[in-house]
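Enquirer: Next up is a structure, given as C-alpha cells.
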Amino acid sequence: MNATTMEHLNTSPLTDAAAVREGFATQRAAGLRAKDAAEALGLSEGAVVQAHTGTHNQPLLATPLVGGQWLAVLQALEACGPVMALTRNETAVHEKDGIYRNLTQEGPVGLCVNPDIDLRLFFMHWKAGFAVTEPGRGGQLAHSLQFFDASGVAVHKVYARPATDLQAWNALVARFTDAAATPCVFQPRAAQPVVAPDASIDAAGLRTAWAAMQDTHEFFGMLKKFGCERQQSFRLTQGEFCEPLATSV
C-alpha cells in the first residue's frame with residue numbers, strides 16, 4: 001500500500017460497527033490477512049479491532065486496555081512465560097519468541113533487553129491497546145495483545161504461544177481491561193515529509209559521522225543533523241556501511 005493510500009485510511013463510508021465487522025469477516029474469509037482485510041475496507045487495522053469491542057456475534061473479540069499503562073502491561077507479561085513478539089511495517093514482519101523481562105522506561109521510550117526479545121518501545125506513538133481473541137490454526141483460539149498508533153496502524157503485537165501460561169494471561173487482561181473505555185477514534189495519517197534530494201545532502205559528512213558513531217542510538221540524531229531520510233542514508237552510504245539485498249529470492 002502506497003503512502004497516499006495510507007494517508008486516507010479511516011475515511012471509509014463504513015462507520016457502523018456491525019457493517020465493519022461483517023465486511024471484515026468477508027475479507028478474511030476470502031483469505032486476506034487482518035491488516036490487508038482492514039485496508040480493503042478503507043480502514044486501519046486499529047479501527048477494525050475497535051469495531052469488534054462490545055457484544056456481537058463475530059468470532060473476533062476485542063477488549064480495550066487501559067491507556068497509558070503500556071510499560072506495566074508489558075512487564076506483566078513476564079508471568080505469562082514464553083510469548084511471541086511481533087512488529088511489522090509495510091515491507092517486513094518480525095516475529096520472535098521469548099519472555100518479556102527487564103523492561104524499563106525513560107521518558108516516553110521503553111527498553112526490553114533480553115537475549116530473545118530486545119525492543120525499543122516508543123510509547124509516545126502508542127494510542128490504544130486491545131486484548132484480542134480470534135480463531136487460530138487448527139481450530140485453536142488465538143490470544144493476542146495489539147497496540148496501535150493514532151492512525152490505527154499496529155505498532156506492536158504480542159501473541160500467546162502453546163507454552164504460554166493462559167491463566168496468567170487472562171489475569172493480565174482482567175487487570176488492565178478498561179471497563180469504562182470510550183471508542184477510540186483513529187485519524188488518517190498525516191502526509192509524510194518530502195525527502196530532500198540526494199544532491200542536497202552532505203554525503204561525505206554523513207559517511208564521516210556514520211563512521212564515528214559509538215552507539216546505535218546516535219543514528220536518529222545523525223539523520224536529523226544532516227536532514228537525511230533513513231532509506232536515503234542507506235543509498236548514500238552504499239558500499240561502505242550498507243549493501244542492497246536481493247528482492248527476488
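Each chain of the C-alpha cells is named A, B, ... in the order shown, its residues numbered from 1; ligands are numbered from 1 in display order.
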To test your reading of the structure, identify every residue in range 33-186 of chain A that backbone DSSP assigns to alpha helix (DSSP H), and report it as a PyMOL selection string.
Expert: chain A and resi 34-40+45-51+70-76+166-176
Enquirer: Find the residues near range 88-96 of chain A: any atom within 12 Å, counting only C-alpha atoms, skip ones fewer than 6 places away on the same chain, and give them as number ranges by chain.
Expert: A: 1-3, 6, 35-36, 82, 114-119, 147-148, 153-161, 247
Enquirer: Determine the nearest neighbour of Glu78 in chain A from the options A:Pro59, A:Ala246, A:His125, A:Asp165, counting only C-alpha atoms.
Expert: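 Looking at the shortest contact to Glu78 in chain A, the residue is A:Asp165.
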Enquirer: For Gly110 in chain A, find every residue with an atom within 8 Å (counting only C-alpha atoms), except residues of its own chain fewer than 6 positions away, and show them as a ChimeraX atom specification.
Expert: /A:71,103-104,119-123
Enquirer: Produce a file of the selected residues containing all heavy atoms, as a compact mmCIF listing (two decimals), in the first residue's frame.
Expert:
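Final file, selection.txt:
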```txt
# COMPACT_ATOMS: atom_id res chain seq x y z
N LEU A 71 3.91 0.22 29.74
CA LEU A 71 5.05 -0.44 30.38
C LEU A 71 4.56 -1.48 31.38
O LEU A 71 5.07 -2.61 31.40
CB LEU A 71 5.96 0.58 31.09
CG LEU A 71 7.17 -0.04 31.79
CD1 LEU A 71 8.16 -0.59 30.77
CD2 LEU A 71 7.86 0.99 32.69
N LEU A 103 12.18 -4.88 31.59
CA LEU A 103 11.57 -3.73 30.94
C LEU A 103 11.74 -2.49 31.80
O LEU A 103 11.43 -2.49 32.98
CB LEU A 103 10.09 -3.98 30.69
CG LEU A 103 9.82 -4.86 29.46
CD1 LEU A 103 9.11 -6.13 29.84
CD2 LEU A 103 9.02 -4.09 28.42
N THR A 104 12.21 -1.42 31.17
CA THR A 104 12.38 -0.15 31.85
C THR A 104 11.87 0.95 30.93
O THR A 104 11.61 0.72 29.74
CB THR A 104 13.85 0.12 32.21
OG1 THR A 104 14.64 0.13 31.00
CG2 THR A 104 14.38 -0.94 33.17
N LEU A 119 13.85 -4.94 22.53
CA LEU A 119 12.98 -3.96 21.90
C LEU A 119 13.29 -2.54 22.34
O LEU A 119 13.70 -2.32 23.49
CB LEU A 119 11.51 -4.26 22.24
CG LEU A 119 10.95 -5.62 21.83
CD1 LEU A 119 9.58 -5.83 22.47
CD2 LEU A 119 10.83 -5.72 20.32
N ARG A 120 13.05 -1.60 21.46
CA ARG A 120 12.97 -0.18 21.80
C ARG A 120 11.52 0.22 21.55
O ARG A 120 11.01 0.04 20.43
CB ARG A 120 13.91 0.66 20.93
CG ARG A 120 15.37 0.23 21.00
CD ARG A 120 15.96 0.36 22.41
NE ARG A 120 17.35 -0.08 22.44
CZ ARG A 120 17.74 -1.31 22.73
NH1 ARG A 120 16.82 -2.26 22.99
NH2 ARG A 120 19.01 -1.63 22.77
N LEU A 121 10.85 0.73 22.56
CA LEU A 121 9.42 0.96 22.52
C LEU A 121 9.13 2.45 22.63
O LEU A 121 9.37 3.05 23.68
CB LEU A 121 8.74 0.19 23.66
CG LEU A 121 9.03 -1.31 23.67
CD1 LEU A 121 8.95 -1.89 25.07
CD2 LEU A 121 8.06 -2.03 22.74
N PHE A 122 8.63 3.04 21.57
CA PHE A 122 8.39 4.48 21.54
C PHE A 122 6.93 4.75 21.94
O PHE A 122 6.06 4.91 21.09
CB PHE A 122 8.73 5.04 20.16
CG PHE A 122 10.19 4.84 19.81
CD1 PHE A 122 10.60 3.73 19.09
CD2 PHE A 122 11.14 5.74 20.26
CE1 PHE A 122 11.94 3.54 18.79
CE2 PHE A 122 12.50 5.56 19.96
CZ PHE A 122 12.89 4.46 19.23
N PHE A 123 6.70 4.78 23.26
CA PHE A 123 5.35 4.83 23.78
C PHE A 123 4.60 6.11 23.40
O PHE A 123 3.37 6.16 23.47
CB PHE A 123 5.36 4.68 25.30
CG PHE A 123 5.76 3.31 25.78
CD1 PHE A 123 6.72 3.16 26.78
CD2 PHE A 123 5.19 2.17 25.24
CE1 PHE A 123 7.09 1.90 27.23
CE2 PHE A 123 5.56 0.90 25.67
CZ PHE A 123 6.51 0.76 26.67
```
Enquirer: List the spatial neighbours of Val185 in chain A as a VMD selection string - criterion: any atom at most 12 Å away, only C-alpha atoms, same-chain residues fewer than 6 positions off excluded.
Expert: chain A and resid 10 to 11 15 43 to 44 46 to 51 127 to 128 148 to 152
Enquirer: Using only C-alpha atoms, which residues sit within 12 Å of Phe219 in chain A once same-chain residues fewer than 2 positions away are excluded, as an MDAnalysis selection string?
Expert: chainID A and resid 206:207 209:217 221:226 228:230 233:234
Enquirer: Would you mind telling me which residue in A:Phe176, A:Glu243, A:Phe220, A:Pro193 lies nearest to Ala76 in chain A when using only C-alpha atoms?
Expert: A:Phe176
Enquirer: Fewer than 5 positions away in the same chain doesn't count, so skip those; otherwise give me all residues within 9 Å of Gly23 in chain A, counting only C-alpha atoms, as a list of chain:residue names.
Expert: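 Close residues of Gly23 in chain A: A:Leu14, A:Ala18, A:Arg28, A:Ala37, A:Ala38, A:Leu41.
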Enquirer: With all heavy atoms retained, write the just-selected residues as a short mmCIF file (atom, residue, chain, number, x, y, z; two decimals), in the first residue's frame.
Expert:
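Output below, filename part_35.cif:
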```cif
data_model
loop_
_atom_site.label_atom_id
_atom_site.label_comp_id
_atom_site.auth_asym_id
_atom_site.auth_seq_id
_atom_site.Cartn_x
_atom_site.Cartn_y
_atom_site.Cartn_z
N LEU A 14 -17.82 3.05 5.72
CA LEU A 14 -18.28 2.07 6.70
C LEU A 14 -18.04 2.61 8.11
O LEU A 14 -16.96 2.47 8.67
CB LEU A 14 -17.52 0.74 6.53
CG LEU A 14 -17.87 -0.10 5.30
CD1 LEU A 14 -17.03 -1.37 5.29
CD2 LEU A 14 -19.33 -0.47 5.28
N ALA A 18 -21.25 -2.73 13.12
CA ALA A 18 -21.74 -4.02 12.63
C ALA A 18 -21.36 -4.23 11.17
O ALA A 18 -20.98 -5.33 10.76
CB ALA A 18 -23.26 -4.11 12.81
N ARG A 28 -11.71 -11.56 5.38
CA ARG A 28 -10.90 -12.62 5.99
C ARG A 28 -11.24 -13.97 5.39
O ARG A 28 -10.35 -14.80 5.15
CB ARG A 28 -11.12 -12.63 7.51
CG ARG A 28 -10.54 -11.43 8.22
CD ARG A 28 -9.03 -11.52 8.33
NE ARG A 28 -8.64 -12.33 9.48
CZ ARG A 28 -7.48 -12.94 9.60
NH1 ARG A 28 -6.60 -12.87 8.62
NH2 ARG A 28 -7.17 -13.64 10.69
N ALA A 37 -7.14 -7.07 5.11
CA ALA A 37 -8.60 -7.09 5.12
C ALA A 37 -9.15 -5.75 5.58
O ALA A 37 -10.14 -5.23 5.04
CB ALA A 37 -9.11 -8.21 6.02
N ALA A 38 -8.52 -5.15 6.60
CA ALA A 38 -8.95 -3.85 7.09
C ALA A 38 -8.76 -2.79 6.01
O ALA A 38 -9.65 -1.96 5.75
CB ALA A 38 -8.17 -3.47 8.34
N LEU A 41 -11.23 -2.44 3.29
CA LEU A 41 -12.44 -1.71 3.68
C LEU A 41 -12.21 -0.21 3.76
O LEU A 41 -13.12 0.55 4.08
CB LEU A 41 -12.95 -2.21 5.04
CG LEU A 41 -13.28 -3.70 5.15
CD1 LEU A 41 -13.69 -4.04 6.58
CD2 LEU A 41 -14.38 -4.09 4.16
#
```
Enquirer: With distances taken over only C-alpha atoms, which of A:Leu65, A:Ala142, A:Ala131, A:Val109 is nearest to Ala181 in chain A?
Expert: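 Going through A:Leu65, A:Ala142, A:Ala131, A:Val109 one by one, the smallest distance to Ala181 in chain A is for A:Leu65.
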